[in-house]
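As structure tokens, the structure follows; a few thoughts come after it.
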Amino acid sequence: MAIDIQKIRGDFPILKQRIYDKTLVYFDNAATTQKPQIVLDTINEYYSRYNSNIHRGVHYLSEKSTQAYENARQIVQKFINAKHSHEVIFTYNTTTGINLVASSFGEKFVRKDDEIIISGMEHHSNIVPWQIMCEKKEAKLVVIPFYSNGELAVKELPRLINEKTRLIAINHISNTLGTVNPIKEVIDLAHSHNIPVLIDGAQGIHHQPVDVQELDVDFYAFSGHKMYGPTGIGVLYGKEKWLDEIPP
């Protein structure tokens with residue numbers, strides 16, 4: 001089936017302008033995506049017709065806003081195949097989701113001399129929260145190396161895991177290298193040692209189908225602005241088991 005590029009371009013108003021007397025071409029989608037007309041129209045409709053607080057009113061506008069909000073949660077649930085809609089937590093972005101897990105999970109389960117494993121190809125959003133948490137808890141950050149071809153050295157992971165390992169946090173797809181990491185293999189290995197896994201899905205969610213139940217992932221975070229949605233929204237998927245145990 002042929003792809004009609006002009007039709008696709010036509011969905012994005014920002015691409016209709018000319019820059020330096022040339023038609024705008026935008027390639028920076030790993031950083032943020034442009035917004036199609038349907039997204040812009042929906043935002044405009046919300047603010048024009050039923051803007052109101054969710055879960056905080058019993059009047060018509062509040063109920064309509066609340067229903068739209070919860071419908072969005074169910075749409076995300078189906079999109080990632082979460083078992084429960086309450087496993088979908090709305091955040092500001094991927095970074096916020098990772099920070100929530102680092103602070104909440106770390107507060108309850110990480111103690112002095114414990115270890116958190118990340119990889120050497122992480123975005124700083126999946127490094128700094130763990131550095132801060134480890135400093136606070138006097139824990140240790142352990143790094144999985146990667147080879148010169150950009151592939152994660154998964155074979156090194158078994159020797160890095162020990163009785164002090166509390167969580168593994170790695171990205172699905174590297175924002176700098178484009179490497180697609182074997183996250184299912186990492187999750188299965190971690191779970192064989194009863195270790196939970198957080199996946200930074202900022203670059204993965206819009207490039208590959210994500211089935212959180214099939215992956216059996218414990219936490220998966222991603223942003224809306226990288227997949228044609230507005231700035232300032234994101235999702236943290238958390239397996240019910242962990243959401244029941246960690247403090248809000």
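Identifiers in this document derive from the order of the structure tokens: chains are assigned A, B, ..., residues are numbered from 1 separately in each chain, and ligands are numbered from 1 in order of occurrence.
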
Where does region 114-180 of chain A meet region 83-97 of chain A within 10 Å, residue by residue, with the nearest atom pair and distance in Å to one decimal for each, counting only C-alpha atoms, listed by chain and rising number, as a Markdown table?
| residue | atom | partner | partner_atom | distance |
| --- | --- | --- | --- | --- |
| A:His123 | CA | A:Thr95 | CA | 9.6 |
| A:His124 | CA | A:Thr95 | CA | 9.0 |
| A:Ser125 | CA | A:Thr95 | CA | 5.3 |
| A:Asn126 | CA | A:Thr95 | CA | 7.3 |
| A:Val128 | CA | A:Thr95 | CA | 9.8 |
| A:Pro129 | CA | A:Thr95 | CA | 8.6 |

With N, CA, C and O atoms retained, export the selected residues as a compact mmCIF listing (two decimals), in the first residue's frame.
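File written: result-v8.txt
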# COMPACT_ATOMS: atom_id res chain seq x y z
N HIS A 123 19.27 7.91 29.11
CA HIS A 123 19.01 9.35 29.12
C HIS A 123 19.20 9.82 30.56
O HIS A 123 18.99 9.05 31.51
N HIS A 124 19.58 11.08 30.76
CA HIS A 124 19.84 11.54 32.12
C HIS A 124 18.59 11.45 33.00
O HIS A 124 18.69 11.40 34.23
N SER A 125 17.40 11.39 32.37
CA SER A 125 16.17 11.24 33.14
C SER A 125 16.09 9.88 33.83
O SER A 125 15.34 9.72 34.79
N ASN A 126 16.85 8.92 33.32
CA ASN A 126 16.88 7.60 33.95
C ASN A 126 18.23 7.34 34.63
O ASN A 126 18.62 6.21 34.86
N VAL A 128 19.77 10.46 36.77
CA VAL A 128 19.77 11.40 37.90
C VAL A 128 18.83 10.99 39.04
O VAL A 128 19.22 11.05 40.20
N PRO A 129 17.59 10.55 38.76
CA PRO A 129 16.72 10.15 39.88
C PRO A 129 17.32 9.03 40.72
O PRO A 129 17.17 9.03 41.95

Secondary structure check, strand (DSSP E or B) residues of region 125-248 of chain A, as a ChimeraX atom specification: /A:140-144,146,152,165-171,173,180,197-200,219-223,234-238

Residue contacts of Asn194 (chain A) (12 Å, only C-alpha atoms) excluding same-chain residues fewer than 6 positions away, as a ChimeraX atom specification: /A:161-168,187-188,218

Top pick for closest residue to Val143 (chain A), considering A:Pro209, A:Gly234, A:Gly120, A:Pro158 and counting only C-alpha atoms: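 Closest residue, counting only C-alpha atoms: A:Gly120.
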
Interatomic distance, CA of Gly201 (chain A) to CA of Val154 (chain A) (Å, one decimal): 18.1 Å

Shell around Lys7 (chain A) at 12 Å using only C-alpha atoms, local window under 5 positions removed, as an NGL selection string: :A and (2 or 12-13 or 15-16 or 36)

How would the residues just chosen look if you wrote them out with N, CA, C and O atoms as a PDB file, in the first residue's frame?
ATOM      1  N   ALA A   2       0.675   2.117  -0.971  1.00  0.00           N
ATOM      2  CA  ALA A   2       1.495   3.321  -1.093  1.00  0.00           C
ATOM      3  C   ALA A   2       1.135   4.325   0.005  1.00  0.00           C
ATOM      4  O   ALA A   2      -0.027   4.460   0.399  1.00  0.00           O
ATOM      5  N   PHE A  12      -0.679  18.081   9.590  1.00  0.00           N
ATOM      6  CA  PHE A  12       0.117  18.846  10.532  1.00  0.00           C
ATOM      7  C   PHE A  12       0.209  20.307  10.086  1.00  0.00           C
ATOM      8  O   PHE A  12       1.002  20.648   9.206  1.00  0.00           O
ATOM      9  N   PRO A  13      -0.579  21.186  10.698  1.00  0.00           N
ATOM     10  CA  PRO A  13      -0.600  22.594  10.274  1.00  0.00           C
ATOM     11  C   PRO A  13       0.768  23.259  10.297  1.00  0.00           C
ATOM     12  O   PRO A  13       1.058  24.103   9.442  1.00  0.00           O
ATOM     13  N   LEU A  15       3.565  22.241   9.426  1.00  0.00           N
ATOM     14  CA  LEU A  15       4.384  21.928   8.259  1.00  0.00           C
ATOM     15  C   LEU A  15       3.970  22.714   7.020  1.00  0.00           C
ATOM     16  O   LEU A  15       4.627  22.626   5.981  1.00  0.00           O
ATOM     17  N   LYS A  16       2.889  23.481   7.133  1.00  0.00           N
ATOM     18  CA  LYS A  16       2.419  24.263   5.986  1.00  0.00           C
ATOM     19  C   LYS A  16       3.169  25.584   5.826  1.00  0.00           C
ATOM     20  O   LYS A  16       3.031  26.265   4.816  1.00  0.00           O
ATOM     21  N   PRO A  36      -0.878  16.814  15.101  1.00  0.00           N
ATOM     22  CA  PRO A  36      -1.823  16.810  13.985  1.00  0.00           C
ATOM     23  C   PRO A  36      -3.059  17.647  14.303  1.00  0.00           C
ATOM     24  O   PRO A  36      -3.351  17.935  15.471  1.00  0.00           O
TER      25      PRO A  36
END

Shell of 12 Å around region 150-152 of chain A, only C-alpha atoms, local chain residues under 3 positions omitted, as number ranges by chain: A: 118-122, 143-147, 155-157, 170-183, 185-186

For C-alpha atoms, I'd like the residues from the last selection saved as a PDB file, in the first residue's frame.
ATOM      1  CA  ILE A 118      20.963   0.966  35.046  1.00  0.00           C
ATOM      2  CA  SER A 119      22.733   0.885  31.672  1.00  0.00           C
ATOM      3  CA  GLY A 120      25.498   3.015  30.236  1.00  0.00           C
ATOM      4  CA  MET A 121      23.239   4.316  27.468  1.00  0.00           C
ATOM      5  CA  GLU A 122      20.527   5.902  29.605  1.00  0.00           C
ATOM      6  CA  VAL A 143      25.973   0.226  35.287  1.00  0.00           C
ATOM      7  CA  ILE A 144      25.533  -2.337  32.506  1.00  0.00           C
ATOM      8  CA  PRO A 145      28.103  -1.500  29.811  1.00  0.00           C
ATOM      9  CA  PHE A 146      27.460  -1.531  26.083  1.00  0.00           C
ATOM     10  CA  TYR A 147      29.638  -2.643  23.183  1.00  0.00           C
ATOM     11  CA  LYS A 155      25.655 -11.096  28.943  1.00  0.00           C
ATOM     12  CA  GLU A 156      27.258  -9.039  31.692  1.00  0.00           C
ATOM     13  CA  LEU A 157      23.994  -8.644  33.595  1.00  0.00           C
ATOM     14  CA  ILE A 170      16.885   0.608  31.484  1.00  0.00           C
ATOM     15  CA  ASN A 171      15.552   2.257  28.355  1.00  0.00           C
ATOM     16  CA  HIS A 172      13.550   0.444  25.698  1.00  0.00           C
ATOM     17  CA  ILE A 173      15.221   2.277  22.813  1.00  0.00           C
ATOM     18  CA  SER A 174      18.224   4.568  23.220  1.00  0.00           C
ATOM     19  CA  ASN A 175      17.537   8.205  22.325  1.00  0.00           C
ATOM     20  CA  THR A 176      21.146   8.703  21.197  1.00  0.00           C
ATOM     21  CA  LEU A 177      22.151   5.357  19.679  1.00  0.00           C
ATOM     22  CA  GLY A 178      18.801   4.098  18.430  1.00  0.00           C
ATOM     23  CA  THR A 179      19.601   0.731  20.015  1.00  0.00           C
ATOM     24  CA  VAL A 180      16.553  -1.468  20.625  1.00  0.00           C
ATOM     25  CA  ASN A 181      17.289  -3.216  23.888  1.00  0.00           C
ATOM     26  CA  PRO A 182      16.171  -6.815  24.583  1.00  0.00           C
ATOM     27  CA  ILE A 183      13.946  -5.729  27.457  1.00  0.00           C
ATOM     28  CA  GLU A 185      15.257 -10.890  28.176  1.00  0.00           C
ATOM     29  CA  VAL A 186      16.279  -8.430  30.896  1.00  0.00           C
TER      30      VAL A 186
END

Which residue of A:Lys35, A:Thr66, A:Pro230, A:Asn29 approaches Ile14 (chain A) most closely, using only C-alpha atoms: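 Residue with the minimum atom-to-atom distance to Ile14 (chain A): A:Lys35.
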
Separation of CA of Asp211 (chain A) from CA of Tyr228 (chain A) in Å: 19.9 Å

Given only C-alpha atoms as the counted atoms, nearest of A:Val110, A:Ile116, A:Val197, A:Val76 to Lys184 (chain A):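 Checking each of A:Val110, A:Ile116, A:Val197, A:Val76 against Lys184 (chain A), counting only C-alpha atoms, the winner is A:Val197.
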
Helix (DSSP H, G or I) positions in region 5-245 of chain A, given as an NGL selection string: :A and (5-10 or 13-16 or 37-50 or 60-80 or 85-87 or 94-109 or 124-126 or 128-137 or 154-160 or 183-191 or 212-215 or 240-243)

Pick from A:Phe109, A:Trp130, A:Phe79, A:Tyr47 nearest to Val235 (chain A), counting only C-alpha atoms: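 Closest to Val235 (chain A), using only C-alpha atoms: A:Phe79.
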
Test item: residues at most 7 Å from Leu141 (chain A), only C-alpha atoms, excluding those fewer than 2 positions along its chain, as a ChimeraX atom specification: /A:115-117,131,134,139,143

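Note that CA of Ile43 (chain A) and CA of Ile75 (chain A) are 16.7 Å apart.
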
Closest of A:Leu24, A:Ile3, A:Leu40, A:Val101 to Leu243 (chain A) - atom-to-atom distances counting only C-alpha atoms: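 Between A:Leu24, A:Ile3, A:Leu40, A:Val101, the residue approaching Leu243 (chain A) most closely is A:Val101.
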